[in-house]
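What follows is the content of data.cif, which has mmCIF, C-alpha atoms and all ligand atoms:
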data_entry
#
loop_
_atom_site.label_atom_id
_atom_site.label_comp_id
_atom_site.auth_asym_id
_atom_site.auth_seq_id
_atom_site.Cartn_x
_atom_site.Cartn_y
_atom_site.Cartn_z
CA MET A 1 30.24 0.65 -28.25
CA ASN A 2 28.88 -2.85 -27.75
CA PRO A 3 25.15 -2.79 -26.86
CA SER A 4 25.48 -4.14 -23.32
CA LEU A 5 28.29 -1.68 -22.52
CA GLN A 6 26.14 1.10 -23.94
CA GLN A 7 23.23 -0.08 -21.79
CA ASN A 8 25.43 -0.07 -18.67
CA THR A 9 26.72 3.40 -19.45
CA MET A 10 23.16 4.66 -19.89
CA GLN A 11 22.18 3.03 -16.59
CA LEU A 12 25.11 4.74 -14.83
CA LEU A 13 24.25 8.13 -16.34
CA ARG A 14 20.64 7.69 -15.33
CA SER A 15 21.64 6.78 -11.75
CA LEU A 16 23.84 9.87 -11.58
CA LEU A 17 20.95 12.02 -12.76
CA ILE A 18 18.59 10.49 -10.19
CA LEU A 19 21.07 10.70 -7.34
CA PRO A 20 20.35 14.27 -6.26
CA LEU A 21 16.64 13.43 -6.00
CA ALA A 22 17.31 10.25 -4.00
CA LEU A 23 19.65 12.18 -1.74
CA ARG A 24 17.15 14.94 -1.26
CA GLU A 25 14.44 12.42 -0.46
CA ALA A 26 16.74 10.63 1.95
CA LEU A 27 17.66 13.79 3.78
CA ALA A 28 14.36 15.21 4.92
CA TYR A 29 10.61 14.88 4.84
CA THR A 30 7.83 17.08 6.03
CA THR A 31 5.53 15.63 8.66
CA LEU A 32 1.86 16.51 8.92
CA ALA A 33 1.30 19.37 11.32
CA GLU A 34 -0.88 18.81 14.41
CA GLU A 35 -3.71 20.70 12.71
CA SER A 36 -3.57 18.38 9.70
CA LEU A 37 -3.54 15.30 11.93
CA GLN A 38 -6.56 16.73 13.74
CA SER A 39 -8.38 17.13 10.43
CA LEU A 40 -8.18 13.40 9.71
CA SER A 41 -11.29 11.38 10.36
CA VAL A 42 -12.50 7.83 9.98
CA SER A 43 -16.23 7.23 9.74
CA SER A 44 -17.48 4.17 11.59
CA ASP A 45 -20.04 3.77 8.79
CA ASP A 46 -17.18 2.92 6.43
CA PHE A 47 -15.99 0.09 8.67
CA SER A 48 -19.35 -1.18 9.93
CA ILE A 49 -19.58 -4.91 9.23
CA THR A 50 -23.22 -4.61 8.16
CA ASN A 51 -23.33 -1.39 6.12
CA ASP A 52 -23.48 -2.42 2.46
CA ASP A 53 -22.79 1.17 1.46
CA GLY A 54 -19.56 1.22 3.46
CA LEU A 55 -16.05 0.20 2.50
CA LEU A 56 -15.72 -3.01 4.49
CA ALA A 57 -19.03 -4.92 4.64
CA PRO A 58 -19.16 -5.68 0.86
CA ILE A 59 -15.78 -7.44 1.19
CA LEU A 60 -16.88 -9.68 4.07
CA ILE A 61 -18.00 -12.55 1.84
CA PRO A 62 -16.20 -15.66 0.56
CA ARG A 63 -14.20 -14.50 -2.50
CA VAL A 64 -12.19 -17.46 -3.72
CA PRO A 65 -10.59 -16.76 -7.13
CA GLY A 66 -12.88 -17.58 -10.05
CA THR A 67 -16.08 -17.54 -7.93
CA PRO A 68 -18.99 -15.04 -8.06
CA GLY A 69 -18.00 -13.66 -4.62
CA ASN A 70 -14.56 -12.74 -5.95
CA ALA A 71 -16.12 -10.94 -8.95
CA LYS A 72 -18.56 -9.12 -6.66
CA VAL A 73 -15.76 -7.79 -4.45
CA LEU A 74 -13.76 -6.67 -7.48
CA GLN A 75 -16.87 -4.85 -8.68
CA HIS A 76 -17.15 -3.14 -5.27
CA PHE A 77 -13.60 -1.82 -5.67
CA HIS A 78 -14.27 -0.73 -9.23
CA ASP A 79 -17.49 1.05 -8.22
CA PHE A 80 -15.75 2.72 -5.28
CA PHE A 81 -13.07 4.29 -7.49
CA THR A 82 -15.45 5.11 -10.33
CA ASN A 83 -18.00 6.79 -8.06
CA ASN A 84 -15.69 8.51 -5.58
CA LEU A 85 -12.26 8.89 -7.14
CA PRO A 86 -12.68 9.56 -10.87
CA GLU A 87 -9.12 10.90 -11.20
CA TRP A 88 -7.65 7.48 -10.46
CA LYS A 89 -6.77 5.42 -13.53
CA LEU A 90 -8.03 1.86 -13.19
CA SER A 91 -6.67 -1.21 -14.87
CA PHE A 92 -7.06 -4.94 -14.44
CA GLN A 93 -4.22 -7.36 -14.86
CA ASN A 94 -5.50 -10.80 -15.74
CA SER A 95 -3.84 -14.19 -15.67
CA SER A 96 -4.86 -17.78 -15.20
CA SER A 97 -3.33 -20.91 -13.79
CA THR A 98 -4.24 -24.40 -12.83
CA THR A 99 -4.16 -25.02 -9.07
CA PRO A 100 -3.80 -28.22 -7.00
CA THR A 101 -7.58 -28.29 -6.55
CA SER A 102 -8.77 -27.21 -10.03
CA SER A 103 -8.67 -30.67 -11.70
CA GLY A 104 -6.58 -29.36 -14.57
CA LYS A 105 -8.86 -26.38 -15.25
CA GLU A 106 -7.50 -22.84 -15.52
CA VAL A 107 -8.56 -20.54 -12.67
CA PRO A 108 -8.71 -16.81 -13.51
CA PHE A 109 -6.87 -14.28 -11.34
CA ARG A 110 -7.64 -10.59 -11.67
CA ASN A 111 -5.67 -7.82 -9.96
CA LEU A 112 -7.02 -4.28 -9.80
CA ILE A 113 -4.54 -1.42 -10.11
CA ALA A 114 -5.68 2.11 -9.27
CA THR A 115 -3.13 4.83 -10.02
CA ARG A 116 -3.05 8.56 -9.48
CA ASP A 117 -0.12 10.46 -11.00
CA PRO A 118 0.52 14.20 -11.24
CA PRO A 119 -1.59 15.54 -14.14
CA TRP A 120 1.40 16.84 -16.07
CA VAL A 121 3.16 13.48 -16.23
CA GLU A 122 2.59 12.04 -19.66
CA GLY A 123 3.07 8.36 -20.22
CA GLU A 124 4.97 5.92 -18.11
CA GLY A 125 8.54 5.99 -16.97
CA GLU A 126 8.92 9.38 -15.29
CA VAL A 127 6.90 8.90 -12.12
CA GLY A 128 7.95 7.10 -8.95
CA ARG A 129 5.08 5.66 -6.96
CA LEU A 130 4.07 4.66 -3.48
CA ALA A 131 2.34 1.29 -3.89
CA LEU A 132 -0.18 0.42 -1.18
CA VAL A 133 -1.03 -3.24 -1.44
CA ALA A 134 -3.40 -5.90 -0.02
CA HIS A 135 -4.88 -9.15 -1.30
CA PHE A 136 -8.63 -9.42 -1.78
CA ASP A 137 -9.11 -13.14 -2.42
CA SER A 138 -10.13 -15.48 0.38
CA LYS A 139 -9.01 -18.97 1.21
CA LEU A 140 -10.84 -22.01 -0.18
CA THR A 141 -10.84 -23.73 3.21
CA PRO A 142 -12.33 -23.82 5.79
CA LYS A 143 -15.66 -23.74 3.94
CA ASN A 144 -17.22 -20.25 3.86
CA PHE A 145 -14.02 -18.70 5.19
CA ILE A 146 -14.40 -14.90 5.30
CA GLY A 147 -10.88 -13.68 6.01
CA ALA A 148 -11.85 -10.45 7.75
CA THR A 149 -8.27 -9.69 8.80
CA ASP A 150 -7.03 -11.73 5.83
CA SER A 151 -7.38 -9.37 4.03
CA ALA A 152 -10.84 -7.76 3.82
CA ALA A 153 -10.06 -5.13 6.44
CA PRO A 154 -6.68 -4.19 4.90
CA CYS A 155 -8.41 -3.73 1.50
CA ALA A 156 -10.97 -1.39 3.10
CA MET A 157 -8.14 0.53 4.80
CA LEU A 158 -6.52 1.11 1.41
CA LEU A 159 -9.77 2.42 -0.11
CA HIS A 160 -10.00 4.77 2.86
CA ALA A 161 -6.42 5.97 2.38
CA ALA A 162 -6.95 6.60 -1.34
CA ARG A 163 -10.05 8.68 -0.65
CA GLY A 164 -8.37 10.39 2.31
CA ILE A 165 -5.54 11.87 0.23
CA ASP A 166 -7.39 12.45 -3.03
CA ALA A 167 -8.56 16.05 -2.51
CA ALA A 168 -5.18 17.08 -1.12
CA LEU A 169 -3.42 15.62 -4.18
CA THR A 170 -5.75 17.61 -6.42
CA SER A 171 -5.09 20.83 -4.45
CA LYS A 172 -1.36 20.34 -4.28
CA TRP A 173 -0.93 19.51 -7.96
CA ALA A 174 -3.21 22.38 -9.00
CA ALA A 175 -1.12 24.77 -6.87
CA ILE A 176 2.09 23.50 -8.47
CA GLU A 177 0.67 23.93 -11.96
CA ALA A 178 -0.63 27.41 -11.11
CA LYS A 179 2.84 28.42 -9.95
CA GLY A 180 4.39 26.98 -13.11
CA GLU A 181 6.51 24.59 -11.06
CA ARG A 182 5.46 21.39 -12.77
CA ASP A 183 8.90 20.75 -14.24
CA GLU A 184 10.53 20.46 -10.82
CA PHE A 185 11.53 16.82 -11.03
CA ASP A 186 10.90 15.99 -7.39
CA GLU A 187 7.16 16.40 -7.88
CA HIS A 188 6.91 13.44 -10.24
CA ARG A 189 5.52 11.27 -7.51
CA GLY A 190 2.36 9.20 -7.80
CA VAL A 191 0.44 6.69 -5.76
CA GLN A 192 -0.96 3.31 -6.61
CA ILE A 193 -3.37 0.93 -4.86
CA LEU A 194 -2.78 -2.72 -5.78
CA LEU A 195 -5.62 -5.09 -4.88
CA LEU A 196 -4.21 -8.52 -5.58
CA ASP A 197 -6.00 -11.78 -6.30
CA GLY A 198 -4.93 -15.34 -5.52
CA GLU A 199 -2.64 -14.80 -2.56
CA GLU A 200 -3.93 -17.82 -0.67
CA ALA A 201 -2.85 -21.39 -1.32
CA PHE A 202 -5.62 -23.69 -2.57
CA ALA A 203 -4.05 -26.74 -0.91
CA THR A 204 -0.74 -26.23 0.94
CA TRP A 205 1.35 -23.05 0.75
CA THR A 206 4.24 -23.62 -1.67
CA HIS A 207 6.00 -21.33 -4.14
CA THR A 208 3.68 -22.57 -6.88
CA ASP A 209 0.48 -22.78 -4.81
CA SER A 210 0.33 -19.18 -3.48
CA VAL A 211 0.57 -15.54 -4.58
CA TYR A 212 -0.83 -16.27 -8.07
CA GLY A 213 -1.89 -12.68 -8.78
CA ALA A 214 1.27 -11.10 -7.37
CA ARG A 215 3.50 -13.46 -9.39
CA ALA A 216 1.65 -12.69 -12.61
CA LEU A 217 1.75 -8.92 -12.01
CA ALA A 218 5.43 -8.81 -11.06
CA GLU A 219 6.33 -10.90 -14.13
CA GLU A 220 4.24 -8.74 -16.45
CA TRP A 221 5.61 -5.49 -15.07
CA GLU A 222 9.18 -6.72 -15.28
CA SER A 223 8.75 -7.28 -19.02
CA THR A 224 6.69 -4.14 -19.73
CA VAL A 225 9.17 -1.74 -21.31
CA ASN A 226 8.74 1.99 -20.73
CA PRO A 227 9.73 4.35 -23.57
CA ALA A 228 13.44 4.59 -24.40
CA MET A 229 15.37 6.99 -22.15
CA SER A 230 12.72 6.78 -19.39
CA THR A 231 13.95 7.30 -15.83
CA PHE A 232 12.27 4.05 -14.81
CA LYS A 233 12.60 1.30 -17.38
CA ASN A 234 9.48 -0.61 -16.36
CA PRO A 235 6.51 -0.25 -13.95
CA LEU A 236 8.34 -2.30 -11.29
CA GLU A 237 11.17 0.21 -11.19
CA SER A 238 8.57 2.96 -10.73
CA ILE A 239 7.67 1.55 -7.32
CA ASP A 240 9.51 3.63 -4.72
CA LEU A 241 8.08 1.59 -1.87
CA PHE A 242 5.73 -1.42 -1.78
CA VAL A 243 3.69 -1.26 1.43
CA LEU A 244 1.89 -4.56 2.00
CA LEU A 245 -0.89 -4.69 4.60
CA ASP A 246 -1.99 -8.14 5.76
CA LEU A 247 -3.75 -9.76 8.72
CA LEU A 248 -4.78 -6.42 10.26
CA GLY A 249 -7.90 -5.81 12.34
CA ALA A 250 -7.44 -7.99 15.42
CA SER A 251 -6.81 -6.54 18.89
CA ASN A 252 -3.31 -5.72 20.12
CA PRO A 253 -1.36 -6.16 16.89
CA ALA A 254 2.42 -6.14 17.20
CA VAL A 255 4.07 -5.40 13.86
CA PRO A 256 7.86 -5.82 13.75
CA SER A 257 10.19 -4.08 11.36
CA TYR A 258 11.15 -6.94 9.04
CA PHE A 259 13.65 -5.34 6.66
CA LYS A 260 16.74 -3.36 7.50
CA ILE A 261 16.67 -1.73 4.09
CA THR A 262 13.24 -0.16 4.65
CA HIS A 263 13.51 0.43 8.38
CA TRP A 264 13.52 4.16 7.70
CA ALA A 265 10.02 3.79 6.16
CA TYR A 266 8.86 1.67 9.11
CA LYS A 267 10.03 4.44 11.41
CA ARG A 268 8.04 6.97 9.43
CA MET A 269 4.89 4.92 9.87
CA ALA A 270 5.67 4.31 13.55
CA SER A 271 6.14 8.04 14.01
CA VAL A 272 2.75 8.66 12.36
CA GLU A 273 1.16 6.22 14.81
CA GLU A 274 2.85 7.83 17.80
CA ARG A 275 1.87 11.36 16.78
CA LEU A 276 -1.74 10.28 16.15
CA ARG A 277 -1.81 8.69 19.64
CA GLN A 278 -0.39 11.86 21.18
CA ALA A 279 -3.06 13.85 19.36
CA ASN A 280 -5.76 11.54 20.76
CA LYS A 281 -6.82 10.57 17.26
CA LEU A 282 -6.67 6.80 17.76
CA LYS A 283 -9.45 4.85 19.44
CA SER A 284 -7.62 1.72 20.59
CA LYS A 285 -5.62 1.65 23.81
CA PRO A 286 -3.09 -1.14 23.23
CA GLU A 287 -0.43 -2.09 25.75
CA ALA A 288 2.21 -1.08 23.22
CA ASN A 289 2.12 0.76 19.93
CA PHE A 290 1.18 -1.37 16.91
CA LEU A 291 4.53 -0.44 15.35
CA TRP A 292 6.75 -1.02 18.33
CA GLU A 293 10.15 -1.68 16.79
CA SER A 294 11.37 1.80 15.82
CA ASN A 295 14.38 1.61 18.07
CA LYS A 296 15.79 -1.58 16.69
CA ASP A 297 19.41 -1.42 15.53
CA GLU A 298 21.89 -3.19 13.25
CA GLN A 299 22.67 -5.92 15.76
CA ASP A 300 19.04 -6.90 16.36
CA ARG A 301 17.21 -9.70 14.56
CA TRP A 302 15.85 -8.78 11.10
CA SER A 303 13.54 -11.54 9.95
CA GLY A 304 12.94 -10.00 6.50
CA GLY A 305 11.46 -12.42 3.99
CA THR A 306 10.62 -15.16 6.46
CA VAL A 307 6.91 -14.33 6.42
CA GLU A 308 5.88 -15.37 2.92
CA ASP A 309 3.33 -13.17 1.24
CA ASP A 310 2.49 -11.17 -1.89
CA HIS A 311 5.67 -9.11 -1.64
CA LEU A 312 7.93 -12.05 -2.57
CA PRO A 313 7.76 -11.80 -6.39
CA PHE A 314 8.33 -8.04 -6.14
CA MET A 315 11.15 -8.32 -3.61
CA ALA A 316 12.86 -10.93 -5.80
CA ARG A 317 12.94 -8.28 -8.53
CA GLY A 318 14.53 -5.63 -6.33
CA VAL A 319 11.48 -3.70 -5.08
CA ASP A 320 11.75 -2.15 -1.58
CA ILE A 321 9.17 -3.67 0.78
CA LEU A 322 7.47 -2.46 3.94
CA HIS A 323 5.53 -5.45 5.28
CA ILE A 324 2.83 -4.45 7.73
CA ILE A 325 1.79 -7.83 9.12
CA PRO A 326 1.66 -8.66 12.84
CA HIS A 327 3.84 -11.21 14.52
CA PRO A 328 2.35 -13.29 16.02
CA PHE A 329 -0.52 -13.62 13.55
CA PRO A 330 -4.06 -13.03 14.90
CA ASN A 331 -5.48 -15.99 16.88
CA VAL A 332 -8.25 -16.37 14.31
CA TRP A 333 -5.75 -16.82 11.43
CA HIS A 334 -7.06 -19.25 8.79
CA THR A 335 -9.99 -20.31 10.97
CA SER A 336 -13.75 -19.82 10.54
CA SER A 337 -13.51 -17.22 13.30
CA ASP A 338 -11.69 -14.76 11.05
CA ASP A 339 -14.96 -12.97 10.35
CA GLY A 340 -16.51 -9.53 10.84
CA GLU A 341 -17.67 -10.32 14.38
CA HIS A 342 -14.11 -11.02 15.51
CA LEU A 343 -12.66 -7.77 14.19
CA ASP A 344 -11.67 -5.12 16.69
CA LEU A 345 -13.25 -2.17 14.87
CA ASP A 346 -11.33 0.41 16.90
CA VAL A 347 -8.13 -1.21 15.71
CA VAL A 348 -9.43 -1.38 12.13
CA GLU A 349 -10.28 2.33 12.16
CA ASP A 350 -6.91 3.17 13.72
CA TRP A 351 -5.04 1.32 10.99
CA ALA A 352 -7.13 3.18 8.41
CA MET A 353 -6.10 6.50 9.93
CA ILE A 354 -2.43 5.51 10.26
CA THR A 355 -2.33 4.34 6.63
CA THR A 356 -4.00 7.53 5.41
CA ALA A 357 -1.64 9.79 7.36
CA PHE A 358 1.39 7.77 6.23
CA ALA A 359 0.33 8.12 2.58
CA ALA A 360 -0.31 11.84 3.07
CA GLU A 361 3.17 12.37 4.49
CA TRP A 362 4.76 10.27 1.79
CA MET A 363 3.01 12.37 -0.84
CA GLU A 364 4.18 15.55 0.93
CA LEU A 365 0.63 16.79 1.48
CA GLU A 366 1.24 18.98 4.52
CA GLY A 367 -0.65 22.21 3.94
CA TYR A 368 -3.21 20.55 1.66
CA MET A 369 -5.02 18.16 4.00
CA GLN A 370 -7.87 20.51 4.84
CA SER A 371 -10.97 20.67 2.70
CA SER A 372 -10.09 24.21 1.56
CA LYS A 373 -8.51 24.46 -1.89
CA GLU A 374 -5.83 26.89 -0.67
CA PRO A 375 -2.71 25.66 1.11
CA ARG A 376 -2.66 26.81 4.73
CA LYS A 377 -0.53 29.90 5.23
CA ASP A 378 1.21 28.54 8.34
CA SER A 379 2.08 25.12 6.95
CA LYS A 380 5.79 25.92 6.74
CA ARG A 381 5.91 26.98 10.38
CA THR A 382 4.03 24.08 11.91
CA ALA A 383 5.50 21.23 9.90
CA ILE A 384 8.65 19.61 11.22
CA GLU A 385 11.52 18.55 9.02
CA HIS A 386 12.90 15.16 9.97
CA ASP A 387 16.23 13.66 9.19
CA ARG A 388 15.86 10.10 7.95
CA THR A 389 19.41 9.21 7.02
CA GLU A 390 19.99 7.13 10.13
CA LEU A 391 18.64 3.57 10.45
C1 LIG S 401 -0.82 -14.44 5.07
C2 LIG S 401 -2.16 -14.41 5.16
N1 LIG S 401 -0.52 -15.55 4.40
C3 LIG S 401 -1.65 -16.17 4.10
N2 LIG S 401 -2.66 -15.49 4.57
C4 LIG S 401 0.81 -15.96 4.04
C5 LIG S 401 1.33 -17.08 4.85
C6 LIG S 401 0.98 -18.37 4.56
C7 LIG S 401 2.20 -16.82 5.88
C8 LIG S 401 1.48 -19.44 5.33
C9 LIG S 401 2.70 -17.87 6.66
C10 LIG S 401 2.34 -19.17 6.37
ZN ZN S 402 -4.49 -16.15 4.64
#

Would you write out, as C-alpha cells, the structure that this file holds?
Amino acid sequence: MNPSLQQNTMQLLRSLLILPLALREALAYTTLAEESLQSLSVSSDDFSITNDDGLLAPILIPRVPGTPGNAKVLQHFHDFFTNNLPEWKLSFQNSSSTTPTSSGKEVPFRNLIATRDPPWVEGEGEVGRLALVAHFDSKLTPKNFIGATDSAAPCAMLLHAARGIDAALTSKWAAIEAKGERDEFDEHRGVQILLLDGEEAFATWTHTDSVYGARALAEEWESTVNPAMSTFKNPLESIDLFVLLDLLGASNPAVPSYFKITHWAYKRMASVEERLRQANKLKSKPEANFLWESNKDEQDRWSGGTVEDDHLPFMARGVDILHIIPHPFPNVWHTSSDDGEHLDLDVVEDWAMITTAFAAEWMELEGYMQSSKEPRKDSKRTAIEHDRTEL
C-alpha cells in the first residue's frame, strides 16, 4: 500500500474506533447536583486587588513580554501550581520574535502549560483534554497599562478553576483505580491551563503583530508527533475544546455564542450560569445573564472568528473553540482605566465560579465535588442527564 493511502486507512480506522466515544459524549452529560453547586465557593481574598497572597493582585502589574513584570507574573503562576497543585505537570514553551517596536531585537515569549491527566495514562496521545486559556501579557501602550480585564482577571479565574476541581479529580481517579476501571476508555480525559504570552500587538494589531505566544505554541504542537498508533497524533489533536477567556471582569458583560460548531458547549456553560443563579450562588445581579445566547438557532447571526484573539492559530488547525469574550468590549478596553479599581469584583468572582463549575461538569466530577474522599451515595439520583445532540 502506498504510504499516504496507508496513512488515510489508519486515520479512518482510528476515527471508527473513536466514534463510539464521541457519540457517547455527544449524547449525554451529567450536571452537578444542587448540593455540589452549593458546595462551590469563591473567596474574596483570592480576588482582592490588594492581597499579594491572593490569585489576582500579583497579576495587576504591567507585564509586557520580555520585561521584569512579565517574568514576575509567570513566577506567580509557577509558584501557585507548585505550592497548591503539585499533581499538575508544568511546562514552559518558549519562542522569540522581533516586533515592530523592538528595533530588530528578539523579544522572548514564554507560555506556561499546566496539565493534569488521569494517573494511569502513560505518555502522550491517549488523553483528550479540556484546555482553559487566557493571555497573561499586557499591552505596551498606554504607558503603565494594567489590563485588569485584559486579561489579569481571566488568568486568576483559571487558577481558581484549576484549584477548584483538583481534589475532586484526585478522588474520582482514585475511585476508578480502586474499582479497577482504569481501562475504560472514556475516562482518558485530562485538563490543561494555558497561560499565553504575547497576545497584544506592540504597534497595530495585524496577523504578524499579535498572538505571538499562541502562534508559537500552535505551530510547535502541530509538529510534535505523538507515538505511532496514538489516538491523537499530536498535542493539538488532544484538545477536545479550547475555552478562551478574555476581557472579563467589567459590569454587565454580554457574551454571545460565536461559533455554531461549539454552540452545544456554550449552552453547557450558559446552563451552569443559570443554575448557579437559581441556587443564589452568584453575587452580581445583571439585567441579563452573562451568557445570554443559548436560544440562538441556525438562522441567526454567527460571528465566529470575527473577534481576533489567541484562538486563531488553534482554530486554523482545526481545534474547536469556545470564545468567552463580551460583545461589546468593556468601556475601559485598551485604556489606562482597565485597572483593578475598575473591576466589578462581584462579576469577577461570578466568572470564577462559573468557570470552575463548567470545568467540573466537563470532567464529570458530580459526586466528587465535596471535600470528602468518598463519592456521595446519592449522586446518581440528584444529577440530571442532559441531551446535547441538538444545537
Ligand atoms: C482582545 C483583548 N484583543 C486584544 N486585547 C484582541 C483584539 C484586538 C480584538 C483588536 C479586537 C481588536
Ligand atoms: Zn488587549

Please build the interface table for segment 127-177 of chain A against segment 192-212 of chain A with a cut-off of 12 Å, listing for each qualifying residue the nearest atom pair and the distance in Å to one decimal; count all atoms listed in the file, order rows by chain and increasing number, and write it as a Markdown table.
| residue | atom | partner | partner_atom | distance |
| --- | --- | --- | --- | --- |
| A:Val127 | CA | A:Gln192 | CA | 11.1 |
| A:Gly128 | CA | A:Gln192 | CA | 10.0 |
| A:Arg129 | CA | A:Gln192 | CA | 6.5 |
| A:Leu130 | CA | A:Gln192 | CA | 6.1 |
| A:Ala131 | CA | A:Gln192 | CA | 4.7 |
| A:Leu132 | CA | A:Ile193 | CA | 4.9 |
| A:Val133 | CA | A:Leu194 | CA | 4.7 |
| A:Ala134 | CA | A:Leu195 | CA | 5.4 |
| A:His135 | CA | A:Leu196 | CA | 4.4 |
| A:Phe136 | CA | A:Asp197 | CA | 5.7 |
| A:Asp137 | CA | A:Asp197 | CA | 5.2 |
| A:Ser138 | CA | A:Glu200 | CA | 6.7 |
| A:Lys139 | CA | A:Glu200 | CA | 5.5 |
| A:Leu140 | CA | A:Phe202 | CA | 6.0 |
| A:Thr141 | CA | A:Phe202 | CA | 7.8 |
| A:Pro142 | CA | A:Phe202 | CA | 10.7 |
| A:Lys143 | CA | A:Phe202 | CA | 12.0 |
| A:Phe145 | CA | A:Glu200 | CA | 11.7 |
| A:Gly147 | CA | A:Glu200 | CA | 10.5 |
| A:Asp150 | CA | A:Glu200 | CA | 9.4 |
| A:Ser151 | CA | A:Glu199 | CA | 9.8 |
| A:Ala152 | CA | A:Leu195 | CA | 10.5 |
| A:Pro154 | CA | A:Leu195 | CA | 9.9 |
| A:Cys155 | CA | A:Leu195 | CA | 7.1 |
| A:Ala156 | CA | A:Leu195 | CA | 10.3 |
| A:Met157 | CA | A:Ile193 | CA | 10.8 |
| A:Leu158 | CA | A:Ile193 | CA | 7.0 |
| A:Leu159 | CA | A:Ile193 | CA | 8.1 |
| A:His160 | CA | A:Ile193 | CA | 10.9 |
| A:Ala161 | CA | A:Ile193 | CA | 9.3 |
| A:Ala162 | CA | A:Ile193 | CA | 7.6 |
| A:Arg163 | CA | A:Ile193 | CA | 11.1 |
| A:Ile165 | CA | A:Gln192 | CA | 11.9 |
| A:Asp166 | CA | A:Gln192 | CA | 11.7 |

Can you tell me which residues surround segment 281-295 of chain A at a distance of at most 10 Å, considering all atoms listed in the file, apart from same-chain residues fewer than 4 positions away, and format the answer as a PyMOL selection string? chain A and resi 37-42+251-258+263-277+300+324+326+344-351+353-354+391

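Interatomic distance, atom CA of Asn280 of chain A against atom CA of Leu32 of chain A: 14.9 Å.
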
Name the residues in contact with Gly190 of chain A at a cut-off of 10 Å, using all atoms listed in the file, excluding same-chain residues fewer than 2 positions from it; report them as an MDAnalysis selection string. chainID A and resid 115:119 121 126:131 169 187:188 192 238:240 362:363

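Each of A:Glu181, A:Pro235, A:Asn331, A:Thr149 was compared to ligand LIG 401 (chain S) using only C-alpha atoms and all ligand atoms, and A:Thr149 turns out to be the nearest.
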
Counting all atoms listed in the file, the option among A:Ala168, A:Ala33, A:Val307, A:Val319 closest to ligand LIG 401 (chain S): A:Val307

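The two atoms in question, atom CA of Ser171 of chain A and atom CA of Pro86 of chain A, are spaced 15.0 Å apart.
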
Residues near Ala167 of chain A, anyone? I mean within 12 Å using only C-alpha atoms, not counting same-chain ones fewer than 3 positions away, as a ChimeraX atom specification. /A:84-88,116,161-164,170-174,360,365,367-375

Nearest to ligand LIG 401 (chain S), chosen from A:His334, A:Arg317, A:Arg110, A:Lys72, with all atoms listed in the file counted in the distances: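 Checking each candidate against ligand LIG 401 (chain S), we get A:His334 as the closest.
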
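The nearest approach to ligand LIG 401 (chain S) among the residues A:Ile321, A:Ala218, A:Ala148, A:Ala228, with only C-alpha atoms and all ligand atoms taken into account, belongs to A:Ala148.
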
Which of these residues is nearest to Arg182 of chain A, using all atoms listed in the file: A:Phe358, A:Phe81, A:Trp302, A:Trp120?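 Result for the nearest residue to Arg182 of chain A: A:Trp120.
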
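The coordinates place atom CA of Trp221 of chain A at 29.0 Å from atom CA of Leu56 of chain A.
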
Around all the atoms of segment 233-236 of chain A listed in the file, draw an axis-aligned box and extend it by 3 Å on each of the six sides; I want its centre and edge lengths in Å to one decimal, as JSON.
{"center_x": 9.6, "center_y": -0.5, "center_z": -14.3, "size_x": 12.1, "size_y": 9.6, "size_z": 12.1}

Could you list, as a PyMOL selection string, every residue within 9 Å of segment 313-315 of chain A, counting only C-alpha atoms and ignoring same-chain residues fewer than 6 positions away? chain A and resi 211+214-219+236+242+305+321

Restricting the calculation to only C-alpha atoms and all ligand atoms: of A:Thr98, A:Thr335, A:Thr30, A:Ser48, which residue gets closest to ligand ZN 402 (chain S)?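 Under the stated criterion, the closest residue is A:Thr335.
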
I want to know what sits within 12 Å of Glu106 of chain A, based on all atoms listed in the file, with residues of the same chain fewer than 2 positions away left out; could you give that as an NGL selection string? :A and (65-66 or 95-104 or 108-109 or 212)
